[in-house]
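What follows is one structure encoded as structure tokens, with my remarks underneath.
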Amino acid sequence: MAGKIFNEFHYKISFAFICLSSLSALAKPSDFNKDEEFSFLEQGFLDSEEEIIKNYGFAQDQVSYVVFDLDNSRTLESSNELEAMIPASVTKLLTMSAMGSQYPVSHNPKTKILIDGEIQNGFLRGNLYLKAGLDAKLDDAALGKLAQRLRLMGLRHIGGRVFYDDFDAKSLGQISPIFGDDHSYNTGFSALNFDKNLIVAKLSKRNGKWVVTNNNLTPSLQIRVVDEIPGEDATSFWDADSEDAGTWLIQSSKITEEYFTPDGAEIELPIKNPAQFAAERFVDHLRWRGIGMGGRDEIPRRKAEPIYYREILFNSGDKFKEFAGETLLTSNNLMAEVAGVMSAKALYRGFRGSIHDAAQIVDEYWTKRAKIEDEEFELKNSSGLTPYNFISARAMKKALLQIWPQELSDKTRFVNLMSQKNVNEVWGGESGNSSCSTLWSKSGYLSYVRGLAGFFCSKEGDVKGFVIFINDKWAREVLNSKGADPEYSRVVAEADAWAERSAKLRSDLLRHWIEAH
């Protein structure tokens with residue numbers, strides 16, 4: 001699938017700002033993160049940036065932008081370019097570019113099987129380890145194939161224990177502290193990921209009641225259907241059982257027709273501890289294939305540093321180019337966090353830190369590479385999900401000046417992995433006599449945060465860089481309070497209207513610059 005996606009965008013990339021999660025219908029408005037396509041002002045162009053901003057009801061200090069020449073880095077248009085703004089998913093450009101400068105396009109992460117003993121007559125005299133390798137495409141089928149290959153190698157019984165090792169990225173916590181564990185854009189993260197850390201809850205009705213019919217649940221993840229979720233408001237759809245951290249509760253009254261299938265209903269839920277869940281599923285596959293383990297059900301996380309005897313099997317993930325392209329095109333937060341940790345591992349040999357530590361290393365990398373001032377740039381995570389990342393338009397300009405000429409190890413331009421659109425479709429006119437008519441860009445959206453950065457072809461045939469950040473920082477802080485602020489309900493209610501206005505403002509500013517330059 002990833003190869004198909006890459007082939008499509010490598011030769012003719014369709015401009016698509018789409019949401020990773022099919023759980024978008026379940027997300028709370030204040031927490032929702034998505035990218036959107038351009039929309040345009042129907043009455044045509046206005047005379048200046050100030051008029052365009054005023055037309056959509058934004059204050060001048062809520063908008064920061066810069067347009068610049070790539071040949072000499074001269075600024076052509078700017079406003080508030082030194083203001084620190086929340087970039088949202090525009091951050092992914094920085095993360096994936098940093099990763100691309102450290103890894104060859106042929107690089108691919110691997111989930112490995114290692115043993116610390118000998119296999120004699122089908123009996124492993126020692127322990128077996130499922131070792132994470134930041135393989136974002138690991139799924140249940142891949143785990144099953146690993147177990148099957150162990151059986152074909154002659155393994156019949158594991159004398160020691162089965163461990164899982166997720167120490168390549170040992171953070172299993174939240175990507176951003178303001179989002180709860182039950183958020184579709186904030187699934188659990190570890191170096192041992194599993195099916196993008198989502199599981200489909202399959203349900204059917206028996207005697208008028210919904211029941212769970214999954215056959216792939218494990219001790220670390222259970223699902224129950226209840227009539228009402230205790231302590232939750234009427235809008236809640238699912239939540240964690242406070243008495244059992246490994247159980248998701250689904251509120252039956254919220255199972256509507258949109259979730260129905262011929263066999264019942266299907267609802268996607270985050271996997272709360274993906275590393276442990278993947279290890280439990282792997283052990284299930286081993287048992288199904290007749291490999292015994294002495295009856296022990298617990299799969300411990302490796303805590304000590306063992307001397308691995310040897311690697312005997314591995315599952316390969318996507319090569320870098322496919323990984324990077326899909327991450328940028330689908331704005332996949334999970335894969336961007338994987339990329340951040342991979343970048344940190346390449347930049348600092350032996351890196352064993354958290355997601356937040358990795359973001360700090362990516363921050364330091366860009367501060368040095370693009371000579372960005374400390375007060376203009378700070379990363380708390382590598383995906384842009386948190387509203388606590390910030391970067392100025394001037395700092396983003398410096399980064400784009402480094403990104404534009406960047407070549408990957410096979411001479412592919414990094415910008416060819418970005419979303420692309422014909423400039424004429426954005427502008428609504430003809431781009432002169434130029435054969436260059438492409439817009440390369442990466443968007444970002446959180447409630448009360450919108451951004452867009454990239455490059456566009458001018459009517460004269462050269463390429464300009466641009467950055468647009470639109471932030472209502474006051475409203476964003478009200479949302480960050482998660483209900484503690486008295487203005488919270490009003491701000492949540494007005495978020496969709498803000499999103500529509502900011503999308504149109506972003507598009508019309510870009511159209512104005514394409515016309516002007």
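Within each chain, counting starts at residue 1; across the structure tokens, chains are named A, B, ... in the order shown, with ligands numbered 1 upward in that order.
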Mind running region 369-473 of chain A against region 75-97 of chain A at 10 Å and telling me each contacting residue's nearest atom pair with the distance in Å (one decimal), counting only C-alpha atoms, chain and number ascending, as JSON lines?
```
{"residue": "A:Glu375", "atom": "CA", "partner": "A:Ala84", "partner_atom": "CA", "distance": 7.9}
{"residue": "A:Glu376", "atom": "CA", "partner": "A:Ala84", "partner_atom": "CA", "distance": 5.7}
{"residue": "A:Phe377", "atom": "CA", "partner": "A:Ala84", "partner_atom": "CA", "distance": 7.2}
{"residue": "A:Glu378", "atom": "CA", "partner": "A:Ala84", "partner_atom": "CA", "distance": 9.2}
{"residue": "A:Leu379", "atom": "CA", "partner": "A:Thr91", "partner_atom": "CA", "distance": 8.4}
{"residue": "A:Asn381", "atom": "CA", "partner": "A:Thr91", "partner_atom": "CA", "distance": 8.7}
{"residue": "A:Ser382", "atom": "CA", "partner": "A:Thr95", "partner_atom": "CA", "distance": 5.9}
{"residue": "A:Ser383", "atom": "CA", "partner": "A:Lys92", "partner_atom": "CA", "distance": 5.4}
{"residue": "A:Gly384", "atom": "CA", "partner": "A:Ala88", "partner_atom": "CA", "distance": 4.3}
{"residue": "A:Leu385", "atom": "CA", "partner": "A:Ala88", "partner_atom": "CA", "distance": 5.9}
{"residue": "A:Thr386", "atom": "CA", "partner": "A:Ala88", "partner_atom": "CA", "distance": 7.1}
{"residue": "A:Pro387", "atom": "CA", "partner": "A:Ile86", "partner_atom": "CA", "distance": 6.0}
{"residue": "A:Tyr388", "atom": "CA", "partner": "A:Ile86", "partner_atom": "CA", "distance": 7.0}
{"residue": "A:Asn389", "atom": "CA", "partner": "A:Ile86", "partner_atom": "CA", "distance": 5.8}
{"residue": "A:Phe390", "atom": "CA", "partner": "A:Ile86", "partner_atom": "CA", "distance": 4.5}
{"residue": "A:Ile391", "atom": "CA", "partner": "A:Ala84", "partner_atom": "CA", "distance": 5.1}
{"residue": "A:Ser392", "atom": "CA", "partner": "A:Ala84", "partner_atom": "CA", "distance": 4.4}
{"residue": "A:Ala393", "atom": "CA", "partner": "A:Glu81", "partner_atom": "CA", "distance": 4.8}
{"residue": "A:Arg394", "atom": "CA", "partner": "A:Glu81", "partner_atom": "CA", "distance": 5.2}
{"residue": "A:Ala395", "atom": "CA", "partner": "A:Leu82", "partner_atom": "CA", "distance": 7.9}
{"residue": "A:Met396", "atom": "CA", "partner": "A:Leu94", "partner_atom": "CA", "distance": 8.9}
{"residue": "A:Lys397", "atom": "CA", "partner": "A:Glu81", "partner_atom": "CA", "distance": 9.3}
{"residue": "A:Ala399", "atom": "CA", "partner": "A:Leu94", "partner_atom": "CA", "distance": 7.5}
{"residue": "A:Leu400", "atom": "CA", "partner": "A:Leu94", "partner_atom": "CA", "distance": 8.8}
{"residue": "A:Gln402", "atom": "CA", "partner": "A:Ser97", "partner_atom": "CA", "distance": 9.2}
{"residue": "A:Ile403", "atom": "CA", "partner": "A:Ser97", "partner_atom": "CA", "distance": 6.9}
{"residue": "A:Gln406", "atom": "CA", "partner": "A:Ser97", "partner_atom": "CA", "distance": 8.2}
{"residue": "A:Glu407", "atom": "CA", "partner": "A:Ser97", "partner_atom": "CA", "distance": 9.8}
{"residue": "A:Leu408", "atom": "CA", "partner": "A:Ser97", "partner_atom": "CA", "distance": 9.3}
{"residue": "A:Phe414", "atom": "CA", "partner": "A:Ser97", "partner_atom": "CA", "distance": 7.2}
{"residue": "A:Val415", "atom": "CA", "partner": "A:Ser97", "partner_atom": "CA", "distance": 9.3}
{"residue": "A:Leu417", "atom": "CA", "partner": "A:Met96", "partner_atom": "CA", "distance": 9.8}
{"residue": "A:Met418", "atom": "CA", "partner": "A:Leu93", "partner_atom": "CA", "distance": 8.4}
{"residue": "A:Ser441", "atom": "CA", "partner": "A:Val90", "partner_atom": "CA", "distance": 8.9}
{"residue": "A:Lys442", "atom": "CA", "partner": "A:Val90", "partner_atom": "CA", "distance": 5.7}
{"residue": "A:Ser443", "atom": "CA", "partner": "A:Val90", "partner_atom": "CA", "distance": 5.5}
{"residue": "A:Gly444", "atom": "CA", "partner": "A:Ser89", "partner_atom": "CA", "distance": 4.1}
{"residue": "A:Tyr445", "atom": "CA", "partner": "A:Ala88", "partner_atom": "CA", "distance": 5.6}
{"residue": "A:Leu446", "atom": "CA", "partner": "A:Ala88", "partner_atom": "CA", "distance": 6.2}
{"residue": "A:Ser447", "atom": "CA", "partner": "A:Ala88", "partner_atom": "CA", "distance": 9.7}
{"residue": "A:Tyr448", "atom": "CA", "partner": "A:Ile86", "partner_atom": "CA", "distance": 9.6}
{"residue": "A:Val449", "atom": "CA", "partner": "A:Ile86", "partner_atom": "CA", "distance": 6.6}
{"residue": "A:Arg450", "atom": "CA", "partner": "A:Ala88", "partner_atom": "CA", "distance": 7.0}
{"residue": "A:Gly451", "atom": "CA", "partner": "A:Pro87", "partner_atom": "CA", "distance": 5.8}
{"residue": "A:Leu452", "atom": "CA", "partner": "A:Val90", "partner_atom": "CA", "distance": 6.6}
{"residue": "A:Ala453", "atom": "CA", "partner": "A:Val90", "partner_atom": "CA", "distance": 6.8}
{"residue": "A:Gly454", "atom": "CA", "partner": "A:Leu93", "partner_atom": "CA", "distance": 9.2}
{"residue": "A:Lys464", "atom": "CA", "partner": "A:Leu76", "partner_atom": "CA", "distance": 9.2}
{"residue": "A:Gly465", "atom": "CA", "partner": "A:Thr75", "partner_atom": "CA", "distance": 9.4}
{"residue": "A:Phe466", "atom": "CA", "partner": "A:Glu77", "partner_atom": "CA", "distance": 9.0}
{"residue": "A:Val467", "atom": "CA", "partner": "A:Glu81", "partner_atom": "CA", "distance": 9.2}
{"residue": "A:Ile468", "atom": "CA", "partner": "A:Pro87", "partner_atom": "CA", "distance": 9.1}
{"residue": "A:Phe469", "atom": "CA", "partner": "A:Met85", "partner_atom": "CA", "distance": 6.6}
{"residue": "A:Ile470", "atom": "CA", "partner": "A:Met85", "partner_atom": "CA", "distance": 7.8}
{"residue": "A:Asn471", "atom": "CA", "partner": "A:Met85", "partner_atom": "CA", "distance": 6.7}
{"residue": "A:Asp472", "atom": "CA", "partner": "A:Met85", "partner_atom": "CA", "distance": 9.5}
{"residue": "A:Lys473", "atom": "CA", "partner": "A:Ile86", "partner_atom": "CA", "distance": 8.4}
```
Exercise. Using the chain letters and numbers from this document, which residues of region 376-501 of chain A does DSSP assign to alpha helix (DSSP H), as a PyMOL selection string?
Worked result: chain A and resi 393-403+423-427+473-480+488-493+495-501
For this session: Would you please give, as an MDAnalysis selection string, all residues of region 104-348 of chain A that DSSP assigns to strand (DSSP E or B) based on the backbone?
Result: chainID A and resid 110:115 118:120 123:125 128:131 157:158 162:165 198:206 209:212 218 221:226 238:241 244:251 260:261 264:270 292 301 310:316
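Residue nearest Tyr365 (chain A), chosen from A:Leu152, A:Ser101, A:Ala493, A:Leu198 and counting only C-alpha atoms: A:Ser101.
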Problem set entry | Long-range neighbours of region 353-362 of chain A as a ChimeraX atom specification, 6 Å cut-off, only C-alpha atoms, 5 positions minimum in chain | /A:169-171,340-341,344,379-382
